[in-house]
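Novice: My questions will all concern the structure given below.
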Amino acid sequence: MNMTLIEGRVKSCQAVTQNAVRIELEGSQTVIRLTLSEPWVLEDGDLVAVSGLQDPESDVFLGYGYVNQSKNIKASMRSNGMPFILFGGVLTVITLCILAFIFSGDGYIHLSDFILAIPPFLVLLFSTFFIKVGVKAKRKEKAVRRMLNEVQLMKK
C-alpha cells in the first residue's frame with residue numbers, strides 16, 4: 001500500500017460531514033476527500049499536507065490524514081483494525097481448541113474425525129480473514145501517521 005502525500009494551499013473546502021471535507025488545492029486539478037476521526041480545521045488559503053491514496057475508479061484522492069501547517073494542526077483517521085484482530089484471534093484460539101479435542105483420542109485418526117474437522121477448518125479460514133482485514137487497516141493508519149510526522153519534522 002503506497003501512501004501518497006499532496007501538499008498545497010487550499011483553494012476551496014466544502015464540508016461533507018463534521019469529520020469529512022472536500023478540498024481543492026491551488027494549482028491542482030485533483031479533488032481531495034479527507035475523512036477523519038475528529039472534526040477538521042481548514043480555511044481557504046491554509047497550507048496543508050494530505051496523506052492518502054488515489055481512488056483507482058475516480059479522479060478523487062482519498063485523504064486519511066492531514067497537517068494544517070498554517071494552524072499547526074495534525075489529524076488522521078483512526079482505523080477499526082484492532083477489534084477485527086482481536087475477534088479473529090479469539091476465534092482462532094477457540095477453533096484450535098475444538099480441533100485439538102476432535103483429534104485427541106485413541107491415537108488413531110478416523111474418517112469421521114476428518115469429517116468433524118471440516119466446519120472448524122472453515123471457521124479457521126474465516127478468522128484468518130478477520131485478522132488480515134485488521135492488520136491491513138492498522139498498517140494503513142500507521143503509514144498515514146508516519147508520513148504526517150515526517151512532514152511536521154521537515155517543517156521545523
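To be explicit about the labels: the chains of the C-alpha cells are called A, B, and onward in the order shown, and within each one the residues are counted from 1, while ligands get numbers from 1 in the order they are shown.
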Within 10 Å of range 46-60 of chain A, counting only C-alpha atoms, which residues show up once you throw out same-chain ones fewer than 6 positions away? Write them as an mmCIF file with N, CA and C atoms, in the first residue's frame, please.

Specialist:
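Written file, selection.cif:
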```cif
data_model
loop_
_atom_site.group_PDB
_atom_site.id
_atom_site.type_symbol
_atom_site.label_atom_id
_atom_site.label_comp_id
_atom_site.auth_asym_id
_atom_site.auth_seq_id
_atom_site.Cartn_x
_atom_site.Cartn_y
_atom_site.Cartn_z
ATOM 1 N N MET A 1 0.837 -1.161 0.000
ATOM 2 C CA MET A 1 0.000 0.000 0.000
ATOM 3 C C MET A 1 0.893 1.238 0.000
ATOM 4 N N ASN A 2 0.854 1.986 -1.081
ATOM 5 C CA ASN A 2 1.711 3.158 -1.220
ATOM 6 C C ASN A 2 0.921 4.424 -0.921
ATOM 7 N N MET A 3 1.173 4.981 0.242
ATOM 8 C CA MET A 3 0.541 6.252 0.601
ATOM 9 C C MET A 3 1.214 7.367 -0.187
ATOM 10 N N THR A 4 0.413 8.348 -0.544
ATOM 11 C CA THR A 4 0.900 9.500 -1.291
ATOM 12 C C THR A 4 0.652 10.745 -0.460
ATOM 13 N N LEU A 5 1.530 11.715 -0.623
ATOM 14 C CA LEU A 5 1.394 12.979 0.087
ATOM 15 C C LEU A 5 1.145 14.081 -0.928
ATOM 16 N N ILE A 6 0.109 14.848 -0.710
ATOM 17 C CA ILE A 6 -0.201 16.008 -1.554
ATOM 18 C C ILE A 6 -0.101 17.241 -0.675
ATOM 19 N N GLU A 7 0.682 18.217 -1.127
ATOM 20 C CA GLU A 7 0.849 19.458 -0.375
ATOM 21 C C GLU A 7 0.409 20.632 -1.231
ATOM 22 N N GLY A 8 -0.118 21.654 -0.589
ATOM 23 C CA GLY A 8 -0.504 22.853 -1.307
ATOM 24 C C GLY A 8 -1.332 23.778 -0.451
ATOM 25 N N ARG A 9 -1.742 24.878 -1.087
ATOM 26 C CA ARG A 9 -2.576 25.870 -0.416
ATOM 27 C C ARG A 9 -4.032 25.604 -0.795
ATOM 28 N N VAL A 10 -4.915 25.649 0.211
ATOM 29 C CA VAL A 10 -6.331 25.355 -0.001
ATOM 30 C C VAL A 10 -6.973 26.447 -0.854
ATOM 31 N N LYS A 11 -7.513 26.037 -2.004
ATOM 32 C CA LYS A 11 -8.249 26.956 -2.855
ATOM 33 C C LYS A 11 -9.704 27.032 -2.390
ATOM 34 N N SER A 12 -10.268 25.864 -2.073
ATOM 35 C CA SER A 12 -11.624 25.824 -1.532
ATOM 36 C C SER A 12 -11.811 24.555 -0.724
ATOM 37 N N ARG A 22 -14.318 18.116 1.483
ATOM 38 C CA ARG A 22 -13.855 18.057 0.086
ATOM 39 C C ARG A 22 -12.950 19.265 -0.122
ATOM 40 N N ILE A 23 -11.720 19.013 -0.583
ATOM 41 C CA ILE A 23 -10.708 20.073 -0.698
ATOM 42 C C ILE A 23 -10.211 20.170 -2.132
ATOM 43 N N LEU A 25 -6.941 22.180 -4.051
ATOM 44 C CA LEU A 25 -5.720 22.936 -3.805
ATOM 45 C C LEU A 25 -5.403 23.828 -4.993
ATOM 46 N N GLN A 29 -5.564 19.939 -10.150
ATOM 47 C CA GLN A 29 -6.882 19.526 -10.631
ATOM 48 C C GLN A 29 -7.473 18.420 -9.758
ATOM 49 N N THR A 30 -6.677 17.882 -8.846
ATOM 50 C CA THR A 30 -7.107 16.759 -8.025
ATOM 51 C C THR A 30 -8.077 17.219 -6.945
ATOM 52 N N VAL A 31 -9.184 16.494 -6.818
ATOM 53 C CA VAL A 31 -10.147 16.739 -5.745
ATOM 54 C C VAL A 31 -9.794 15.785 -4.602
ATOM 55 N N ILE A 32 -9.725 16.320 -3.393
ATOM 56 C CA ILE A 32 -9.364 15.527 -2.212
ATOM 57 C C ILE A 32 -10.599 15.358 -1.336
ATOM 58 N N ARG A 33 -10.881 14.121 -0.976
ATOM 59 C CA ARG A 33 -11.931 13.853 0.025
ATOM 60 C C ARG A 33 -11.222 13.370 1.278
ATOM 61 N N LEU A 34 -11.183 14.234 2.271
ATOM 62 C CA LEU A 34 -10.477 13.962 3.523
ATOM 63 C C LEU A 34 -11.483 13.495 4.573
ATOM 64 N N THR A 35 -11.255 12.291 5.105
ATOM 65 C CA THR A 35 -12.123 11.721 6.138
ATOM 66 C C THR A 35 -11.289 11.494 7.388
ATOM 67 N N TYR A 66 -4.137 14.673 7.698
ATOM 68 C CA TYR A 66 -3.604 15.940 7.180
ATOM 69 C C TYR A 66 -2.846 16.694 8.249
ATOM 70 N N VAL A 67 -1.995 17.588 7.773
ATOM 71 C CA VAL A 67 -1.318 18.547 8.635
ATOM 72 C C VAL A 67 -1.667 19.921 8.079
ATOM 73 N N ASN A 68 -2.305 20.733 8.903
ATOM 74 C CA ASN A 68 -2.579 22.119 8.535
ATOM 75 C C ASN A 68 -1.389 22.915 9.046
ATOM 76 N N GLN A 69 -0.468 23.241 8.141
ATOM 77 C CA GLN A 69 0.768 23.906 8.528
ATOM 78 C C GLN A 69 0.535 25.358 8.913
ATOM 79 N N SER A 70 -0.546 25.950 8.432
ATOM 80 C CA SER A 70 -0.857 27.336 8.785
ATOM 81 C C SER A 70 -1.324 27.452 10.237
ATOM 82 N N LYS A 71 -2.029 26.439 10.710
ATOM 83 C CA LYS A 71 -2.562 26.471 12.072
ATOM 84 C C LYS A 71 -1.876 25.473 13.001
ATOM 85 N N ASN A 72 -0.884 24.751 12.485
ATOM 86 C CA ASN A 72 -0.128 23.751 13.239
ATOM 87 C C ASN A 72 -1.059 22.698 13.870
ATOM 88 N N ILE A 73 -1.929 22.116 13.023
ATOM 89 C CA ILE A 73 -2.888 21.096 13.455
ATOM 90 C C ILE A 73 -2.642 19.831 12.642
ATOM 91 N N LYS A 74 -2.637 18.699 13.335
ATOM 92 C CA LYS A 74 -2.480 17.401 12.664
ATOM 93 C C LYS A 74 -3.613 16.494 13.105
ATOM 94 N N ALA A 75 -4.223 15.801 12.141
ATOM 95 C CA ALA A 75 -5.290 14.848 12.475
ATOM 96 C C ALA A 75 -5.272 13.730 11.447
ATOM 97 N N SER A 76 -5.735 12.563 11.866
ATOM 98 C CA SER A 76 -5.817 11.430 10.940
ATOM 99 C C SER A 76 -7.010 10.565 11.306
ATOM 100 N N LYS A 140 -2.368 0.764 7.350
ATOM 101 C CA LYS A 140 -2.717 1.997 6.654
ATOM 102 C C LYS A 140 -2.674 3.176 7.623
ATOM 103 N N GLU A 141 -3.233 2.991 8.813
ATOM 104 C CA GLU A 141 -3.211 4.042 9.828
ATOM 105 C C GLU A 141 -1.783 4.416 10.195
ATOM 106 N N ALA A 143 0.963 4.016 8.368
ATOM 107 C CA ALA A 143 1.627 4.670 7.233
ATOM 108 C C ALA A 143 1.226 6.140 7.140
ATOM 109 N N VAL A 144 -0.048 6.433 7.367
ATOM 110 C CA VAL A 144 -0.519 7.823 7.324
ATOM 111 C C VAL A 144 0.145 8.639 8.426
ATOM 112 N N ARG A 145 0.164 8.101 9.636
ATOM 113 C CA ARG A 145 0.776 8.834 10.753
ATOM 114 C C ARG A 145 2.266 9.052 10.553
ATOM 115 N N ARG A 146 2.956 8.037 10.022
ATOM 116 C CA ARG A 146 4.392 8.173 9.770
ATOM 117 C C ARG A 146 4.650 9.294 8.761
ATOM 118 N N MET A 147 3.846 9.314 7.694
ATOM 119 C CA MET A 147 4.023 10.333 6.658
ATOM 120 C C MET A 147 3.744 11.730 7.208
ATOM 121 N N LEU A 148 2.715 11.872 8.022
ATOM 122 C CA LEU A 148 2.396 13.182 8.592
ATOM 123 C C LEU A 148 3.444 13.627 9.595
ATOM 124 N N VAL A 151 6.306 15.087 7.665
ATOM 125 C CA VAL A 151 6.001 16.444 7.185
ATOM 126 C C VAL A 151 6.218 17.441 8.311
ATOM 127 N N GLN A 152 5.758 17.121 9.506
ATOM 128 C CA GLN A 152 5.951 18.033 10.637
ATOM 129 C C GLN A 152 7.416 18.213 10.983
#
```

Novice: I'd like the contact shell of Ser79 in chain A - 9 Å cut-off, only C-alpha atoms, skipping same-chain residues fewer than 3 positions apart - returned as a list in words.

Specialist: Ser37, Met82, Gly134, Ala137, Lys138, Lys140 and Glu141 of chain A

Novice: State, in Å with one decimal place, the distance from CA of Glu150 in chain A to CA of Val16 in chain A.

Specialist: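 Computing it gives 27.8 Å between the two atoms.
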
Novice: Hey, can you check how far CA of Pro120 in chain A sits from CA of Asn80 in chain A?

Specialist: 26.0 Å

Novice: What's the separation between CA of Ile131 in chain A and CA of Phe84 in chain A, in Å to one decimal place?

Specialist: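 Rounded to one decimal, the two atoms are 5.9 Å apart.
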
Novice: Quick one: pick out all alpha helix (DSSP H) residues within chain A from a backbone DSSP run and write them as a VMD selection string.

Specialist: chain A and resid 81 to 103 111 to 155

Novice: Contacts of Trp40 in chain A at 8 Å or less, counting only C-alpha atoms, minus same-chain residues fewer than 2 places along, as a PyMOL selection string?

Specialist: chain A and resi 18-21+36+38+42+75

Novice: Please report, as a PyMOL selection string, each residue of chain A to which DSSP assigns strand (DSSP E) when run on this structure's backbone.

Specialist: chain A and resi 4-15+20-25+31-35+47-54+60-68+73-76
